[in-house]
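Inspection log for the structure reproduced underneath, given as structure tokens.
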Amino acid sequence: MTGEVLVLAESSGPAFRKAALEAVTEGRRLADLLRVSEIVLAIGNGLKDPASELGKYGADKVILADDPLLAIFHPDYYRQIALEAIKRVNPSIILAAATSTGKDLAPRLAIHLDTAVASECTHLEMENGKLIATRPAYAGKVLLRVKVNSSPSIATLRPNVFTAREAVPGKKPTVEQIAFNRPDSRMIVKEFVTQGAKKLDLTEASVIVSGGRGMGGPQNYKILEELAEVMGGVVGASRASVDAGWRPHSDQVGQTGRTVSPMLYIAAGISGAIQHRVGMINSKVIVAINKDPEALIFGFADYGIVGDVFEVVPALTREMKAFYGKT
Amino acid sequence: MEGRRSLKIVVCVRRVPDTAARIRIASDGKSIDTSDAEFVINPYEEYALEQAVQLKEKHGGEVTVVTLGPEKTTQVIMKALALGADKAVHLKVDKIPEDPGSIARAIANELKGSEFDVLLFGKKGVDDDNQQVGPMVAELLGIPCITQIVKLDVSDGRGVAHREVEGGSITVETTLPAAFTAEKDLTVPRYASLRELVAARKKPIIVKDVQLRALSLEIISVQNPPPRPPGKIVGKGVDAVPTLVKLLHEEAKVI
């Protein structure tokens, strides 16, 4: 008998992460294919109306674990909650977002359930009752189709690849609570420190304005920050500028940095070396601004402007301000 | 030397194709042809190894490298020994399996019953990008594991790590023994001197043949990613900006 689809939905403050809602939408699709229910484990602290929120994205039932100790990911706490939910549901498929939380938790669950995880999937399908996942490897230089041979099959979904779709307005899933009894743990999660004023992580942003060696120095990133601000985006960086100490590693896009897939990626003064390319090639639209018309980046950007970033970027900021002012 | 006792540190490293290598699909359509690739220590494990050596320099102790891989992994092991590891255990297999659970079980079997304080991994292999082995080994051994760390301090039988997460970092404290997986910012790896490269040849390498269990995760096929449609140069300099904004709005519909 095919079990249900269980989605682990993590949150940030009172709201679910966008990547979690993407997983709930995809879970709905798989549940329909398998003709089973979608059950969502909502985990966090002080979640705002979790049932209606998750119902909109297709959840049939919500298992709720809401506790001050669950505000920040703790491996032992989250593992206990997830295993309890899995015991209640007996799912054949478990989905989570491929966030720092999902990527930490999923392999742990796989050991406890004696099964496997397909990581950072970009596409899922069912074949003879088995989950087949497409996932990038070698930083996206190739795509693998992988099969999980054991049950339940676990997959983590790369953020910004699947669409979070409000499909079922007004749907009210049933809610079941999990009481959180703090387990013994040898780890203490102490504090969360935000990185400056930046609220959004690169992997969650829908607009990224990235700067490379062509920015000339750390002080010049201000013009990228202004453009990002106008567009509601965040600033990224190439490996060259991170290795030069201009930007923190958490800003790095590329093979040893973040893999991103925003709606719009603006590359300023970035040449487009392979290790950068693999980190951003799945952006929906790529814009390149570079004074070198021969720069590799123009080979795979959708739109290019050949010009000086110190002139073009401020002009773009002004134009975007005018554009957003109108709409 | 500070702290009450010296540290036993284990670093698990993986042999991977260099990140600059061109990746070709093998003729079977379900694996990668690495015949002409340069192989290196997985970059994330270089950060981990550097952390291990720094901990040893501070607290005293011993660094053991554990690696699972084919015969040719010896070259990567020699590099790790030159970078400051004291000895190595080579779990020999024909090829690194595609199922991280299979790798994790072989490593956990090796470590079960052995004494260590700190167990380090890279956060992921830059080849399969699975990012699973570290926490899997820790779960199999029943020890704490803190993933994606950018800072680690060890004293008095405890470790304090900063893990990098979306929008910031989280400080986590743990008892030892514990496992940690390294993010790029953890350390800046050193270079091995010629003298160290020579000295590495005298360090012990224990080679063991291991049996892997059946795979729970299997590759069905490998494909090249779809090419991006060719783009266009909108124009030169500031004059092109209004056209770009118009195209992003009307054609690409992303603003």
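Going through the structure tokens in order, the chains are called A, B, and so on, while each chain numbers its residues from 1 and the ligands are numbered from 1 in the order shown.
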
Interface rows for chain A against chain B: nearest pair, Å to one decimal, 6 Å, only C-alpha atoms, as a Markdown table:
| residue | atom | partner | partner_atom | distance |
| --- | --- | --- | --- | --- |
| A:Ser100 | CA | B:Val165 | CA | 5.7 |
| A:Pro107 | CA | B:Gln132 | CA | 5.4 |
| A:Arg108 | CA | B:Met136 | CA | 5.5 |
| A:Ala116 | CA | B:Ser216 | CA | 5.7 |
| A:Ser119 | CA | B:Asn130 | CA | 5.6 |
| A:Ala137 | CA | B:Asp128 | CA | 5.0 |
| A:Tyr138 | CA | B:Asp127 | CA | 4.6 |
| A:Val142 | CA | B:Asn224 | CA | 4.9 |
| A:Leu143 | CA | B:Gln223 | CA | 5.1 |
| A:Leu144 | CA | B:Val222 | CA | 4.6 |
| A:Arg145 | CA | B:Ser221 | CA | 5.3 |
| A:Val146 | CA | B:Ile219 | CA | 4.4 |
| A:Lys147 | CA | B:Glu218 | CA | 5.3 |
| A:Val148 | CA | B:Leu217 | CA | 4.7 |
| A:Asn149 | CA | B:Ser216 | CA | 4.9 |
| A:Ser150 | CA | B:Ser216 | CA | 5.8 |
| A:Arg186 | CA | B:Thr174 | CA | 5.5 |
| A:Met187 | CA | B:Thr174 | CA | 4.3 |
| A:Ile188 | CA | B:Glu173 | CA | 5.0 |
| A:Val189 | CA | B:Val172 | CA | 4.5 |
| A:Lys190 | CA | B:Thr171 | CA | 5.3 |
| A:Glu191 | CA | B:Thr171 | CA | 5.4 |
| A:Phe192 | CA | B:Ile170 | CA | 4.4 |
| A:Val193 | CA | B:Ser169 | CA | 5.3 |
| A:Thr194 | CA | B:Gly168 | CA | 4.1 |
| A:Gln195 | CA | B:Gly168 | CA | 4.7 |
| A:Lys199 | CA | B:Gly167 | CA | 5.9 |
| A:Leu200 | CA | B:Gly167 | CA | 5.7 |
| A:Asp201 | CA | B:Gly167 | CA | 4.8 |
| A:Ala301 | CA | B:Gly231 | CA | 5.6 |
| A:Asp302 | CA | B:Gly231 | CA | 3.9 |
| A:Tyr303 | CA | B:Lys232 | CA | 5.2 |
| A:Gly304 | CA | B:Ile233 | CA | 4.4 |
| A:Ile305 | CA | B:Gly235 | CA | 5.3 |
| A:Val306 | CA | B:Lys236 | CA | 4.8 |
| A:Gly307 | CA | B:Gly237 | CA | 4.3 |
| A:Val312 | CA | B:Val238 | CA | 5.0 |
| A:Leu316 | CA | B:Val241 | CA | 5.8 |

- Message: Give me the residues near A:Leu6 as a ChimeraX atom specification, where near means some atom within 7 Å (using only C-alpha atoms) and where sequence neighbours in that chain fewer than 2 positions away do not count.
- Response: /A:4,8,38-40,91,93-95

Output for the residues just chosen: C-alpha atoms as a compact mmCIF listing (two decimals), in the first residue's frame:
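For reference, part.txt as written:
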# COMPACT_ATOMS: atom_id res chain seq x y z
CA GLU A 4 1.12 9.37 2.34
CA LEU A 8 8.59 19.01 6.60
CA GLU A 38 -0.47 15.34 1.77
CA ILE A 39 0.45 15.82 5.38
CA VAL A 40 2.62 18.71 6.44
CA PRO A 91 4.73 8.11 4.63
CA ILE A 93 7.65 10.02 0.48
CA ILE A 94 9.19 12.71 2.67
CA LEU A 95 10.04 16.13 1.23

- Message: Report as JSON, numbers by chain all protein, DNA and RNA residues lying within 8 Å of B:Ala200, evaluated on only C-alpha atoms, omitting residues in the same chain fewer than 3 positions from it.
- Response: {"B": [78, 79, 81, 82, 196, 197, 203]}

Residues at most 9 Å from A:Ile274, counting only C-alpha atoms, excluding those fewer than 3 positions away in the same chain, as a tab-separated table (two decimals) with C-alpha atoms, in the first residue's frame?
chain	number	residue	atom	x	y	z
A	254	GLY	CA	29.61	29.66	-7.37
A	255	GLN	CA	30.94	26.16	-6.90
A	277	ARG	CA	28.69	30.15	-13.91
A	278	VAL	CA	27.63	26.87	-12.27
A	279	GLY	CA	26.41	28.78	-9.21
B	19	THR	CA	36.70	22.08	-9.68
B	20	ALA	CA	38.23	23.44	-12.89

- Which of stretch 99-232 of chain A DSSP labels helix (DSSP H, G or I), written as a ChimeraX atom specification: /A:100-112,138-140,202-204,213-215,218-231

- Mind pulling up the distance from atom CA of A:Arg247 to atom CA of A:Val309?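 Computing it gives 17.5 Å between the two atoms.
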